[in-house]
>>> print(open('query.cif').read())   # mmCIF, C-alpha atoms
data_final
loop_
_atom_site.group_PDB
_atom_site.id
_atom_site.type_symbol
_atom_site.label_atom_id
_atom_site.label_comp_id
_atom_site.auth_asym_id
_atom_site.auth_seq_id
_atom_site.Cartn_x
_atom_site.Cartn_y
_atom_site.Cartn_z
ATOM 1 C CA MET A 1 23.722 -86.608 -12.730
ATOM 2 C CA LYS A 2 27.291 -85.695 -13.627
ATOM 3 C CA PRO A 3 29.721 -84.884 -10.766
ATOM 4 C CA ALA A 4 30.348 -81.349 -12.084
ATOM 5 C CA ARG A 5 26.590 -80.694 -12.176
ATOM 6 C CA ARG A 6 26.174 -81.957 -8.610
ATOM 7 C CA ARG A 7 29.042 -79.748 -7.388
ATOM 8 C CA PHE A 8 27.485 -76.723 -9.113
ATOM 9 C CA LEU A 9 24.115 -77.363 -7.470
ATOM 10 C CA ARG A 10 25.718 -77.828 -4.038
ATOM 11 C CA LEU A 11 27.655 -74.571 -4.416
ATOM 12 C CA THR A 12 24.511 -72.719 -5.557
ATOM 13 C CA ALA A 13 22.503 -74.066 -2.625
ATOM 14 C CA SER A 14 25.306 -73.206 -0.223
ATOM 15 C CA ALA A 15 25.531 -69.628 -1.563
ATOM 16 C CA ALA A 16 21.767 -69.198 -1.293
ATOM 17 C CA GLY A 17 21.846 -70.499 2.261
ATOM 18 C CA LEU A 18 24.642 -68.102 3.211
ATOM 19 C CA LEU A 19 22.756 -65.186 1.651
ATOM 20 C CA ALA A 20 19.563 -66.086 3.496
ATOM 21 C CA SER A 21 21.491 -66.448 6.756
ATOM 22 C CA SER A 22 23.163 -63.067 6.291
ATOM 23 C CA ARG A 23 19.803 -61.425 5.602
ATOM 24 C CA ILE A 24 18.314 -62.959 8.731
ATOM 25 C CA ALA A 25 21.312 -61.858 10.788
ATOM 26 C CA TRP A 26 21.091 -58.347 9.311
ATOM 27 C CA SER A 27 17.398 -58.038 10.162
ATOM 28 C CA GLN A 28 17.990 -59.375 13.681
ATOM 29 C CA ALA A 29 20.678 -56.740 14.234
ATOM 30 C CA TYR A 30 18.464 -53.987 12.804
ATOM 31 C CA PRO A 31 18.338 -51.263 13.940
ATOM 32 C CA SER A 32 21.907 -50.915 15.199
ATOM 33 C CA ARG A 33 21.964 -47.100 14.928
ATOM 34 C CA PRO A 34 19.448 -44.233 14.918
ATOM 35 C CA VAL A 35 16.766 -44.265 12.220
ATOM 36 C CA LYS A 36 15.799 -41.095 10.356
ATOM 37 C CA VAL A 37 12.061 -40.498 9.843
ATOM 38 C CA ILE A 38 11.374 -37.926 7.126
ATOM 39 C CA VAL A 39 8.224 -35.813 7.378
ATOM 40 C CA PRO A 40 7.662 -33.816 4.166
ATOM 41 C CA PHE A 41 5.971 -30.931 6.007
ATOM 42 C CA PRO A 42 6.923 -28.354 8.667
ATOM 43 C CA PRO A 43 6.520 -29.183 12.373
ATOM 44 C CA GLY A 44 3.078 -28.916 13.925
ATOM 45 C CA GLY A 45 0.890 -30.258 11.122
ATOM 46 C CA PRO A 46 -1.164 -33.485 11.319
ATOM 47 C CA THR A 47 1.432 -35.628 9.523
ATOM 48 C CA ASP A 48 4.180 -34.330 11.809
ATOM 49 C CA VAL A 49 2.078 -35.006 14.917
ATOM 50 C CA MET A 50 1.411 -38.577 13.768
ATOM 51 C CA ALA A 51 5.072 -39.161 12.914
ATOM 52 C CA ARG A 52 6.238 -38.007 16.339
ATOM 53 C CA LEU A 53 3.751 -40.232 18.155
ATOM 54 C CA VAL A 54 4.838 -43.296 16.193
ATOM 55 C CA ALA A 55 8.578 -42.509 16.248
ATOM 56 C CA GLU A 56 8.588 -42.203 20.025
ATOM 57 C CA LYS A 57 6.954 -45.608 20.446
ATOM 58 C CA LEU A 58 9.139 -47.293 17.818
ATOM 59 C CA SER A 59 12.210 -45.992 19.639
ATOM 60 C CA THR A 60 11.042 -47.838 22.753
ATOM 61 C CA ALA A 61 9.975 -50.976 20.906
ATOM 62 C CA LEU A 62 13.174 -51.389 18.865
ATOM 63 C CA GLY A 63 15.762 -49.901 21.216
ATOM 64 C CA GLN A 64 17.098 -47.184 18.907
ATOM 65 C CA ALA A 65 16.239 -43.527 18.390
ATOM 66 C CA PHE A 66 13.784 -42.820 15.581
ATOM 67 C CA VAL A 67 14.574 -39.192 14.793
ATOM 68 C CA ILE A 68 12.140 -36.896 12.990
ATOM 69 C CA GLU A 69 13.587 -34.848 10.137
ATOM 70 C CA ASN A 70 11.169 -32.273 8.723
ATOM 71 C CA ARG A 71 11.848 -31.772 5.004
ATOM 72 C CA PRO A 72 9.162 -29.340 3.757
ATOM 73 C CA GLY A 73 9.198 -27.831 0.312
ATOM 74 C CA GLY A 74 8.175 -28.589 -3.219
ATOM 75 C CA ALA A 75 4.667 -29.199 -4.471
ATOM 76 C CA GLY A 76 2.667 -31.157 -1.905
ATOM 77 C CA GLY A 77 5.747 -32.256 0.033
ATOM 78 C CA THR A 78 7.783 -33.568 -2.896
ATOM 79 C CA VAL A 79 11.150 -32.488 -1.437
ATOM 80 C CA GLY A 80 10.778 -34.870 1.504
ATOM 81 C CA LEU A 81 9.264 -37.531 -0.707
ATOM 82 C CA LYS A 82 12.240 -37.471 -3.076
ATOM 83 C CA ALA A 83 14.682 -37.604 -0.157
ATOM 84 C CA ALA A 84 13.085 -40.878 0.915
ATOM 85 C CA VAL A 85 12.989 -42.267 -2.627
ATOM 86 C CA THR A 86 16.713 -41.626 -3.191
ATOM 87 C CA ALA A 87 17.956 -42.825 0.217
ATOM 88 C CA ASP A 88 19.971 -46.004 0.685
ATOM 89 C CA PRO A 89 17.581 -48.989 0.859
ATOM 90 C CA ASP A 90 18.809 -50.147 4.253
ATOM 91 C CA GLY A 91 15.882 -49.297 6.538
ATOM 92 C CA TYR A 92 17.613 -46.321 8.159
ATOM 93 C CA THR A 93 15.544 -43.737 6.277
ATOM 94 C CA LEU A 94 11.785 -43.929 6.766
ATOM 95 C CA LEU A 95 8.983 -41.671 5.587
ATOM 96 C CA VAL A 96 5.710 -40.713 7.219
ATOM 97 C CA ALA A 97 3.494 -39.209 4.525
ATOM 98 C CA ASN A 98 -0.191 -38.683 3.931
ATOM 99 C CA VAL A 99 -2.852 -39.099 1.273
ATOM 100 C CA GLY A 100 -1.926 -35.827 -0.429
ATOM 101 C CA THR A 101 1.789 -36.485 -0.790
ATOM 102 C CA LEU A 102 1.465 -40.108 -1.801
ATOM 103 C CA THR A 103 -1.625 -40.204 -4.016
ATOM 104 C CA ILE A 104 -2.780 -36.680 -4.976
ATOM 105 C CA THR A 105 0.414 -34.749 -5.751
ATOM 106 C CA PRO A 106 1.651 -37.273 -8.369
ATOM 107 C CA SER A 107 -1.623 -36.757 -10.271
ATOM 108 C CA ILE A 108 -1.135 -32.982 -10.454
ATOM 109 C CA TYR A 109 2.587 -32.376 -10.813
ATOM 110 C CA LYS A 110 4.143 -34.080 -13.789
ATOM 111 C CA THR A 111 7.560 -32.955 -12.519
ATOM 112 C CA VAL A 112 7.316 -35.768 -9.964
ATOM 113 C CA ASP A 113 9.540 -38.104 -11.945
ATOM 114 C CA PHE A 114 8.901 -41.241 -9.919
ATOM 115 C CA ASP A 115 5.968 -43.429 -8.991
ATOM 116 C CA PRO A 116 5.487 -43.673 -5.193
ATOM 117 C CA LEU A 117 4.022 -47.136 -5.666
ATOM 118 C CA LYS A 118 7.270 -48.328 -7.272
ATOM 119 C CA SER A 119 9.896 -46.098 -5.654
ATOM 120 C CA LEU A 120 8.767 -46.592 -2.054
ATOM 121 C CA ALA A 121 8.193 -49.714 0.011
ATOM 122 C CA PRO A 122 5.018 -49.510 2.140
ATOM 123 C CA ILE A 123 5.418 -50.638 5.757
ATOM 124 C CA ALA A 124 2.040 -49.944 7.374
ATOM 125 C CA LEU A 125 -1.004 -47.712 7.236
ATOM 126 C CA LEU A 126 -0.852 -45.721 10.475
ATOM 127 C CA ALA A 127 -4.158 -43.954 11.085
ATOM 128 C CA ASP A 128 -6.936 -41.906 9.564
ATOM 129 C CA SER A 129 -9.132 -39.048 10.702
ATOM 130 C CA PRO A 130 -11.711 -36.649 9.303
ATOM 131 C CA GLN A 131 -11.015 -33.257 7.876
ATOM 132 C CA ILE A 132 -13.042 -30.468 9.468
ATOM 133 C CA LEU A 133 -14.521 -27.572 7.532
ATOM 134 C CA VAL A 134 -14.096 -24.462 9.684
ATOM 135 C CA VAL A 135 -14.637 -20.744 9.226
ATOM 136 C CA ASN A 136 -13.372 -17.652 10.960
ATOM 137 C CA PRO A 137 -15.988 -16.379 13.475
ATOM 138 C CA SER A 138 -16.402 -13.217 11.404
ATOM 139 C CA VAL A 139 -18.096 -15.311 8.700
ATOM 140 C CA PRO A 140 -21.886 -15.065 9.215
ATOM 141 C CA ALA A 141 -22.509 -18.794 8.754
ATOM 142 C CA GLU A 142 -23.505 -21.441 11.277
ATOM 143 C CA THR A 143 -24.068 -24.160 8.669
ATOM 144 C CA VAL A 144 -22.602 -25.256 5.357
ATOM 145 C CA ALA A 145 -25.738 -24.041 3.586
ATOM 146 C CA GLU A 146 -25.290 -20.581 5.090
ATOM 147 C CA LEU A 147 -21.605 -20.582 4.082
ATOM 148 C CA VAL A 148 -22.589 -21.418 0.501
ATOM 149 C CA SER A 149 -25.175 -18.620 0.426
ATOM 150 C CA TRP A 150 -22.738 -16.082 1.871
ATOM 151 C CA SER A 151 -19.972 -17.154 -0.533
ATOM 152 C CA LYS A 152 -22.313 -16.735 -3.506
ATOM 153 C CA ALA A 153 -23.233 -13.281 -2.253
ATOM 154 C CA ASN A 154 -19.515 -12.394 -2.046
ATOM 155 C CA PRO A 155 -17.924 -13.927 -5.159
ATOM 156 C CA GLY A 156 -14.149 -13.799 -5.189
ATOM 157 C CA LYS A 157 -13.986 -12.384 -1.669
ATOM 158 C CA VAL A 158 -13.867 -15.693 0.213
ATOM 159 C CA ASN A 159 -10.388 -17.205 0.648
ATOM 160 C CA PHE A 160 -9.770 -20.827 1.582
ATOM 161 C CA ALA A 161 -6.414 -22.006 2.865
ATOM 162 C CA SER A 162 -4.381 -25.135 2.307
ATOM 163 C CA PRO A 163 -1.035 -26.296 3.721
ATOM 164 C CA GLY A 164 0.220 -26.399 0.124
ATOM 165 C CA SER A 165 -0.937 -26.958 -3.436
ATOM 166 C CA GLY A 166 -1.718 -30.595 -4.093
ATOM 167 C CA THR A 167 -2.581 -31.362 -0.470
ATOM 168 C CA GLN A 168 -5.915 -32.869 0.495
ATOM 169 C CA PRO A 169 -7.259 -29.590 1.997
ATOM 170 C CA HIS A 170 -6.521 -27.930 -1.348
ATOM 171 C CA ILE A 171 -8.454 -30.578 -3.278
ATOM 172 C CA LEU A 172 -11.354 -30.492 -0.807
ATOM 173 C CA GLY A 173 -11.564 -26.727 -1.222
ATOM 174 C CA GLU A 174 -11.642 -27.107 -4.992
ATOM 175 C CA GLN A 175 -14.324 -29.790 -4.672
ATOM 176 C CA PHE A 176 -16.353 -27.476 -2.421
ATOM 177 C CA LYS A 177 -16.061 -24.761 -5.053
ATOM 178 C CA ALA A 178 -17.213 -27.114 -7.830
ATOM 179 C CA VAL A 179 -20.149 -28.798 -6.078
ATOM 180 C CA THR A 180 -21.531 -25.595 -4.536
ATOM 181 C CA GLY A 181 -21.040 -23.342 -7.531
ATOM 182 C CA THR A 182 -19.236 -20.734 -5.455
ATOM 183 C CA THR A 183 -16.320 -18.513 -6.462
ATOM 184 C CA ILE A 184 -13.746 -18.914 -3.701
ATOM 185 C CA VAL A 185 -10.013 -18.280 -3.871
ATOM 186 C CA HIS A 186 -7.287 -20.798 -2.972
ATOM 187 C CA VAL A 187 -4.426 -19.454 -0.838
ATOM 188 C CA PRO A 188 -1.638 -22.053 -0.406
ATOM 189 C CA TYR A 189 0.746 -21.949 2.563
ATOM 190 C CA ARG A 190 3.937 -23.766 3.509
ATOM 191 C CA GLY A 191 2.320 -25.965 6.141
ATOM 192 C CA SER A 192 -0.646 -25.898 8.504
ATOM 193 C CA ALA A 193 0.760 -23.561 11.151
ATOM 194 C CA SER A 194 0.939 -20.488 8.924
ATOM 195 C CA ALA A 195 -2.455 -21.269 7.395
ATOM 196 C CA VAL A 196 -4.048 -21.419 10.844
ATOM 197 C CA THR A 197 -2.385 -18.130 11.833
ATOM 198 C CA ASP A 198 -4.090 -16.336 8.947
ATOM 199 C CA LEU A 199 -7.361 -18.171 9.585
ATOM 200 C CA LEU A 200 -7.380 -16.919 13.186
ATOM 201 C CA SER A 201 -6.571 -13.371 12.085
ATOM 202 C CA GLY A 202 -9.416 -13.339 9.569
ATOM 203 C CA GLN A 203 -7.272 -13.074 6.440
ATOM 204 C CA ILE A 204 -8.573 -16.547 5.552
ATOM 205 C CA GLN A 205 -12.295 -17.241 5.811
ATOM 206 C CA MET A 206 -12.501 -21.046 5.476
ATOM 207 C CA TYR A 207 -10.252 -24.069 5.813
ATOM 208 C CA PHE A 208 -10.390 -27.873 5.694
ATOM 209 C CA GLU A 209 -7.922 -29.366 8.184
ATOM 210 C CA SER A 210 -7.505 -32.242 10.629
ATOM 211 C CA PRO A 211 -8.632 -32.376 14.274
ATOM 212 C CA SER A 212 -5.014 -32.518 15.467
ATOM 213 C CA VAL A 213 -4.559 -28.977 14.155
ATOM 214 C CA LEU A 214 -8.015 -27.459 14.643
ATOM 215 C CA LEU A 215 -9.528 -28.938 17.811
ATOM 216 C CA PRO A 216 -7.861 -26.559 20.306
ATOM 217 C CA HIS A 217 -9.021 -23.552 18.281
ATOM 218 C CA ILE A 218 -12.546 -24.925 17.889
ATOM 219 C CA GLN A 219 -12.804 -25.638 21.606
ATOM 220 C CA ALA A 220 -11.506 -22.145 22.401
ATOM 221 C CA GLY A 221 -14.123 -20.587 20.109
ATOM 222 C CA LYS A 222 -11.494 -19.086 17.819
ATOM 223 C CA VAL A 223 -12.883 -20.869 14.743
ATOM 224 C CA ARG A 224 -16.310 -22.356 14.010
ATOM 225 C CA ALA A 225 -16.703 -25.959 12.818
ATOM 226 C CA LEU A 226 -19.392 -26.497 10.179
ATOM 227 C CA ALA A 227 -18.891 -30.117 9.076
ATOM 228 C CA VAL A 228 -16.621 -33.155 9.194
ATOM 229 C CA THR A 229 -15.721 -35.041 6.033
ATOM 230 C CA THR A 230 -16.245 -38.584 7.319
ATOM 231 C CA ALA A 231 -19.421 -40.662 7.012
ATOM 232 C CA THR A 232 -19.990 -40.522 10.781
ATOM 233 C CA ARG A 233 -19.698 -37.642 13.214
ATOM 234 C CA ALA A 234 -16.445 -37.081 15.070
ATOM 235 C CA SER A 235 -16.510 -38.250 18.685
ATOM 236 C CA THR A 236 -14.794 -35.055 19.799
ATOM 237 C CA LEU A 237 -17.330 -32.905 17.911
ATOM 238 C CA PRO A 238 -20.651 -34.722 18.332
ATOM 239 C CA ASN A 239 -22.746 -31.653 17.487
ATOM 240 C CA VAL A 240 -20.998 -31.016 14.166
ATOM 241 C CA PRO A 241 -22.744 -32.670 11.188
ATOM 242 C CA THR A 242 -21.047 -34.675 8.476
ATOM 243 C CA VAL A 243 -20.744 -33.366 4.928
ATOM 244 C CA ILE A 244 -23.314 -36.015 3.974
ATOM 245 C CA GLN A 245 -25.788 -34.642 6.506
ATOM 246 C CA ALA A 246 -25.009 -31.148 5.206
ATOM 247 C CA GLY A 247 -26.003 -32.242 1.709
ATOM 248 C CA TYR A 248 -22.588 -32.637 0.088
ATOM 249 C CA PRO A 249 -21.607 -36.333 0.026
ATOM 250 C CA GLN A 250 -19.032 -35.564 -2.693
ATOM 251 C CA LEU A 251 -16.821 -34.077 0.038
ATOM 252 C CA GLU A 252 -16.560 -37.292 2.042
ATOM 253 C CA ALA A 253 -12.875 -38.118 2.612
ATOM 254 C CA THR A 254 -10.407 -39.200 5.274
ATOM 255 C CA LEU A 255 -6.949 -37.902 6.009
ATOM 256 C CA TRP A 256 -4.689 -40.948 6.324
ATOM 257 C CA SER A 257 -0.988 -41.322 6.938
ATOM 258 C CA GLY A 258 1.384 -44.210 6.455
ATOM 259 C CA LEU A 259 4.919 -45.399 7.165
ATOM 260 C CA LEU A 260 7.158 -46.238 4.206
ATOM 261 C CA THR A 261 10.798 -46.687 3.285
ATOM 262 C CA THR A 262 12.943 -46.794 0.148
ATOM 263 C CA ALA A 263 12.157 -49.441 -2.449
ATOM 264 C CA GLY A 264 14.670 -52.272 -2.371
ATOM 265 C CA THR A 265 14.922 -52.399 1.425
ATOM 266 C CA PRO A 266 15.316 -56.045 2.500
ATOM 267 C CA PRO A 267 11.920 -57.694 3.155
ATOM 268 C CA ALA A 268 13.091 -58.955 6.547
ATOM 269 C CA ILE A 269 13.628 -55.358 7.731
ATOM 270 C CA ILE A 270 10.245 -54.274 6.383
ATOM 271 C CA ASP A 271 8.640 -57.205 8.184
ATOM 272 C CA LYS A 272 10.365 -56.244 11.422
ATOM 273 C CA LEU A 273 9.230 -52.620 11.109
ATOM 274 C CA ASN A 274 5.705 -53.721 10.222
ATOM 275 C CA ALA A 275 5.473 -55.986 13.269
ATOM 276 C CA ALA A 276 6.784 -53.239 15.581
ATOM 277 C CA THR A 277 4.418 -50.653 14.078
ATOM 278 C CA ASN A 278 1.399 -52.907 14.496
ATOM 279 C CA GLU A 279 2.410 -53.535 18.104
ATOM 280 C CA VAL A 280 2.681 -49.780 18.688
ATOM 281 C CA LEU A 281 -0.672 -49.042 17.027
ATOM 282 C CA GLY A 282 -2.375 -51.779 19.029
ATOM 283 C CA SER A 283 -1.319 -50.414 22.417
ATOM 284 C CA ALA A 284 -3.956 -48.847 24.635
ATOM 285 C CA GLU A 285 -1.704 -45.821 25.163
ATOM 286 C CA MET A 286 -1.423 -45.093 21.432
ATOM 287 C CA ARG A 287 -5.124 -45.612 20.798
ATOM 288 C CA ALA A 288 -5.936 -43.203 23.608
ATOM 289 C CA ALA A 289 -3.531 -40.590 22.220
ATOM 290 C CA LEU A 290 -5.068 -40.940 18.763
ATOM 291 C CA ALA A 291 -8.606 -40.774 20.127
ATOM 292 C CA LYS A 292 -7.851 -37.304 21.533
ATOM 293 C CA LEU A 293 -7.055 -36.256 17.953
ATOM 294 C CA ASN A 294 -10.160 -38.019 16.622
ATOM 295 C CA ALA A 295 -7.857 -40.371 14.706
ATOM 296 C CA GLU A 296 -8.214 -44.132 14.450
ATOM 297 C CA ALA A 297 -5.256 -46.528 14.444
ATOM 298 C CA LYS A 298 -5.171 -48.775 11.370
ATOM 299 C CA GLY A 299 -2.156 -51.090 10.921
ATOM 300 C CA GLY A 300 -2.208 -54.299 8.885
ATOM 301 C CA SER A 301 0.340 -55.853 6.562
ATOM 302 C CA ALA A 302 2.668 -54.048 4.174
ATOM 303 C CA GLN A 303 0.752 -55.706 1.323
ATOM 304 C CA ASP A 304 -2.545 -54.345 2.680
ATOM 305 C CA PHE A 305 -1.086 -50.841 2.682
ATOM 306 C CA ALA A 306 0.256 -51.223 -0.864
ATOM 307 C CA ARG A 307 -3.180 -52.245 -2.150
ATOM 308 C CA PHE A 308 -4.827 -49.374 -0.252
ATOM 309 C CA MET A 309 -2.373 -46.849 -1.725
ATOM 310 C CA ALA A 310 -3.073 -48.112 -5.227
ATOM 311 C CA SER A 311 -6.833 -47.726 -4.783
ATOM 312 C CA GLU A 312 -6.433 -44.233 -3.314
ATOM 313 C CA MET A 313 -4.188 -43.158 -6.180
ATOM 314 C CA THR A 314 -6.878 -44.207 -8.657
ATOM 315 C CA LYS A 315 -9.584 -42.404 -6.670
ATOM 316 C CA TRP A 316 -7.756 -39.095 -6.357
ATOM 317 C CA ALA A 317 -6.435 -39.147 -9.924
ATOM 318 C CA THR A 318 -10.062 -39.277 -11.043
ATOM 319 C CA VAL A 319 -10.962 -36.347 -8.761
ATOM 320 C CA VAL A 320 -8.024 -34.270 -10.016
ATOM 321 C CA ALA A 321 -8.917 -34.980 -13.656
ATOM 322 C CA THR A 322 -12.615 -34.223 -13.119
ATOM 323 C CA LEU A 323 -11.852 -30.902 -11.437
ATOM 324 C CA GLY A 324 -9.213 -30.039 -14.026
ATOM 325 C CA ILE A 325 -6.704 -29.070 -11.347
ATOM 326 C CA LYS A 326 -3.425 -27.760 -12.736
ATOM 327 C CA PRO A 327 -0.093 -26.994 -11.021
ATOM 328 C CA GLU A 328 -0.005 -23.659 -9.191
#
>>> encode(input="query.cif", output="structure tokens")
Amino acid sequence: MKPARRRFLRLTASAAGLLASSRIAWSQAYPSRPVKVIVPFPPGGPTDVMARLVAEKLSTALGQAFVIENRPGGAGGTVGLKAAVTADPDGYTLLVANVGTLTITPSIYKTVDFDPLKSLAPIALLADSPQILVVNPSVPAETVAELVSWSKANPGKVNFASPGSGTQPHILGEQFKAVTGTTIVHVPYRGSASAVTDLLSGQIQMYFESPSVLLPHIQAGKVRALAVTTATRASTLPNVPTVIQAGYPQLEATLWSGLLTTAGTPPAIIDKLNAATNEVLGSAEMRAALAKLNAEAKGGSAQDFARFMASEMTKWATVVATLGIKPE
């Protein structure tokens, strides 16, 4: 080998070694300042509740504040989603988003000019839970079958809420409409809190939403639970049947949330965040907190989450196309 060639190879190897060392040092120092955690919905909803639980524990585990920044707005939370996509890829802007924002909204709104699978870097799947189908107590229905009969007897007079167009509760309501042959009206809100307010007042008759939002109202008798959307009954609502038991397996679904950051963030930082998140999710304290919300901690590798997101995007794109859902 010629001397010039040998010198070139030594310099290349040295540069690569320095780059690797700097990346390791950078990840070891991370985080050296507060980390912003974007939630693309208003405070109080299921995604916000999950984000706050995880952020608090990550702050303890990594020794820096993980600060929630609610960025609601846009179709299905796209304002917050875009803020995460366009942030600096340095690990100091994270995103906690759910199935609707990450895999349903892109199938409906063609104005979403980026692919979440390419523009975001998955860190970890956080947790999942059922959605609960509830009605206002003024609705004369104790079962899903009775709700279907009453809705058919009152076409166009039954309103169902969602925390925004393109969210999972919206799609579940549209699926309910299609599989039951009822004429019900979608009323989108800017988040769960305002939807629940109108549900409690009777302006909204039915709603699919998570236990973290609905359980206190169910337990207080302010709304009536008719079914859960998971294959097994919810531990906090053992007397409430599943949608499968109610005769509508097409409505089976879980509400899941995940932690992500901007694409291009150094792998060493993603690995560090993944390890810390898995540690947090594995703690007895976190599992107990999630159990009260009828949510189950998930975790796993960043690659596992990426594959899961891809499969969910395919699933919900098919649902959206079959139902013919258009932007509202």
>>> resolve_selection(input="query.cif", expression="the PyMOL selection byres ((chain A and resi 215) around 10)", output="list in words")
Ile132, Glu209, Ser210, Pro211, Ser212, Val213, Leu214, Pro216, His217, Ile218, Gln219, Ala220, Gly221, Val223, Ala225, Thr236, Leu237, Lys292, Leu293 and Asn294 of chain A
>>> residues_around(input="query.cif", residues="segment 306-318 of chain A", least_positions_apart="6", cutoff="8 Å", atoms="all atoms listed in the file", output="list in words")
Val99, Leu102, Thr103, Ile104, Ser107, Leu117 and Pro122 of chain A
>>> resolve_selection(input="query.cif", expression="the PyMOL selection byres ((chain A and resi 149-160) around 7)", output="number ranges by chain")
A: 145-148, 161-162, 173, 182-187, 204-207
>>> residues_around(input="query.cif", residues="segment 35-40 of chain A", least_positions_apart="2", cutoff="9 Å", atoms="all atoms listed in the file", output="number ranges by chain")
A: 31-33, 42-43, 47-48, 51, 55, 59, 64-73, 76-81, 83-84, 91-97, 101
>>> atom_distance(input="query.cif", atom1="atom CA of Tyr30 of chain A", atom2="atom CA of Glu285 of chain A")
25.0 Å
>>> atom_distance(input="query.cif", atom1="atom CA of Ala141 of chain A", atom2="atom CA of Pro169 of chain A")
19.9 Å
>>> atom_distance(input="query.cif", atom1="atom CA of Pro188 of chain A", atom2="atom CA of Val134 of chain A")
16.2 Å
>>> closest_residue(input="query.cif", among="A:Val135, A:Leu120, A:Ala234, A:Leu125", to="Met50 of chain A", atoms="all atoms listed in the file")
A:Leu125
>>> closest_residue(input="query.cif", among="A:Leu323, A:Ala263, A:Asp90, A:Ser257", to="Gly299 of chain A", atoms="all atoms listed in the file")
A:Ser257
>>> closest_atom_pairs(input="query.cif", of="segment 68-164 of chain A", to="segment 239-247 of chain A", cutoff="9 Å", atoms="only C-alpha atoms", output="CSV")
residue,atom,partner,partner_atom,distance
A:Leu133,CA,A:Val243,CA,8.9
A:Thr143,CA,A:Ala246,CA,7.9
A:Val144,CA,A:Ala246,CA,6.4
A:Ala145,CA,A:Ala246,CA,7.3
>>> resolve_selection(input="query.cif", expression="the PyMOL selection byres ((chain A and resi 272) around 10)", output="JSON, numbers by chain")
{"A": [27, 28, 30, 31, 62, 123, 267, 268, 269, 270, 271, 273, 274, 275, 276, 277]}
>>> closest_residue(input="query.cif", among="A:Pro116, A:Ile108, A:Leu260, A:Tyr248", to="Lys177 of chain A", atoms="only C-alpha atoms")
A:Tyr248
>>> closest_residue(input="query.cif", among="A:Gly300, A:Pro34, A:Pro89, A:Gly74", to="Thr261 of chain A", atoms="only C-alpha atoms")
A:Pro89
>>> residues_near_point(input="query.cif", point="(-0.1, -24.9, -12.4)", cutoff="9 Å", atoms="all atoms listed in the file", output="list of chain:residue names")
A:Ile108, A:Tyr109, A:Ile325, A:Lys326, A:Pro327, A:Glu328
>>> closest_residue(input="query.cif", among="A:Leu53, A:Ala253, A:Val139, A:Val85", to="Asp113 of chain A", atoms="all atoms listed in the file")
A:Val85
>>> axis_aligned_box(input="query.cif", around="segment 189-193 of chain A", padding_each_side="4 Å", output="AutoDock Vina command-line options")
--center_x 1.6 --center_y -24.0 --center_z 6.9 --size_x 12.6 --size_y 12.0 --size_z 16.6
